[in-house]
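Comments concern the structure below.
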Amino acid sequence: MELTYFSSAFCEPCMQTRAVLAEVERLVPQATVRELDVVRDVAEAEADGIRITPTVIIRDAAGIEVFRATGVPTLAQVLVAAAKAV
């Protein structure tokens, strides 16, 4: 399962989201977090329809999106979504 995390350099909520996702990686060994900067990774951000940072997208093993959160997600939200993606 992949958690794609779109961030930007001076985004305070992005730092909070990074901490939540680090905890998810610790608790869910099969979770892989991939962080993309909306400035450096413009094409991918546009392809995923990113309009705000932070945005977290969780995809299952088949690459199907099962969860999307804009703003800082809670640990519980991400863990429930991760369980759906397994």
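Note on naming: chains are A, B, ... as they come in the structure tokens, residues start from 1 per chain, ligands start from 1 in the order shown.
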Inset, instruction - Just the residues within 10 Å of A:Ala85, please, counting only C-alpha atoms, with nothing from its chain fewer than 5 positions along; format it as a ChimeraX atom specification. - result: /A:1-3,31,58-67,79-80
Legend entry - Point-to-point distance from atom CA of A:Ala69 to atom CA of A:Ile50, Å rounded to tenths: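 It comes out at 10.6 Å.
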Inset, instruction - Name all residues at most 12 Å from A:Asp41 (count only C-alpha atoms; drop same-chain ones fewer than 5 positions away) and give them as a VMD selection string. - result: chain A and resid 5 to 8 34 to 36 46 to 48 50
Keeping only C-alpha atoms, write the selected residues to a file as an mmCIF file, in the first residue's frame.
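Written out: part-v3.cif:
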```cif
data_model
loop_
_atom_site.group_PDB
_atom_site.id
_atom_site.type_symbol
_atom_site.label_atom_id
_atom_site.label_comp_id
_atom_site.auth_asym_id
_atom_site.auth_seq_id
_atom_site.Cartn_x
_atom_site.Cartn_y
_atom_site.Cartn_z
ATOM 1 C CA TYR A 5 1.775 12.839 0.387
ATOM 2 C CA PHE A 6 1.798 16.149 -1.502
ATOM 3 C CA SER A 7 3.505 18.968 0.394
ATOM 4 C CA SER A 8 5.062 22.374 -0.100
ATOM 5 C CA ARG A 34 6.013 8.781 -0.796
ATOM 6 C CA GLU A 35 6.328 12.535 -0.347
ATOM 7 C CA LEU A 36 6.083 14.809 -3.377
ATOM 8 C CA GLU A 46 -1.713 18.067 -11.615
ATOM 9 C CA ALA A 47 -2.424 14.471 -12.641
ATOM 10 C CA ASP A 48 -3.743 13.759 -9.132
ATOM 11 C CA ILE A 50 -3.912 18.499 -6.110
#
```
Inset, instruction - Skip A:Val24 itself and residues of its chain fewer than 3 positions away, then list as a count of residues only all residues within 8 Å of it, counting only C-alpha atoms. - result: 8
Legend entry - Which of chain A fall in strand (DSSP E), as a list in words: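 Taking chain A and keeping strand (DSSP E) only, one gets Glu2, Leu3, Thr4, Tyr5, Phe6, Ser7, Thr32, Val33, Arg34, Glu35, Leu36, Asp37, Thr55, Val56, Ile57, Ile58, Arg59, Glu65, Val66, Phe67, Arg68, Ala69 and Thr70 of chain A.
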Inset, instruction - Could you check how far atom CA of A:Glu44 sits from atom CA of A:Ala19, in Å to one decimal? - result: 22.7 Å
Legend entry - Between atom CA of A:Gly71 and atom CA of A:Val56, distance in Å (one decimal):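 If I compute the distance from atom CA of A:Gly71 to atom CA of A:Val56, I get 8.4 Å.
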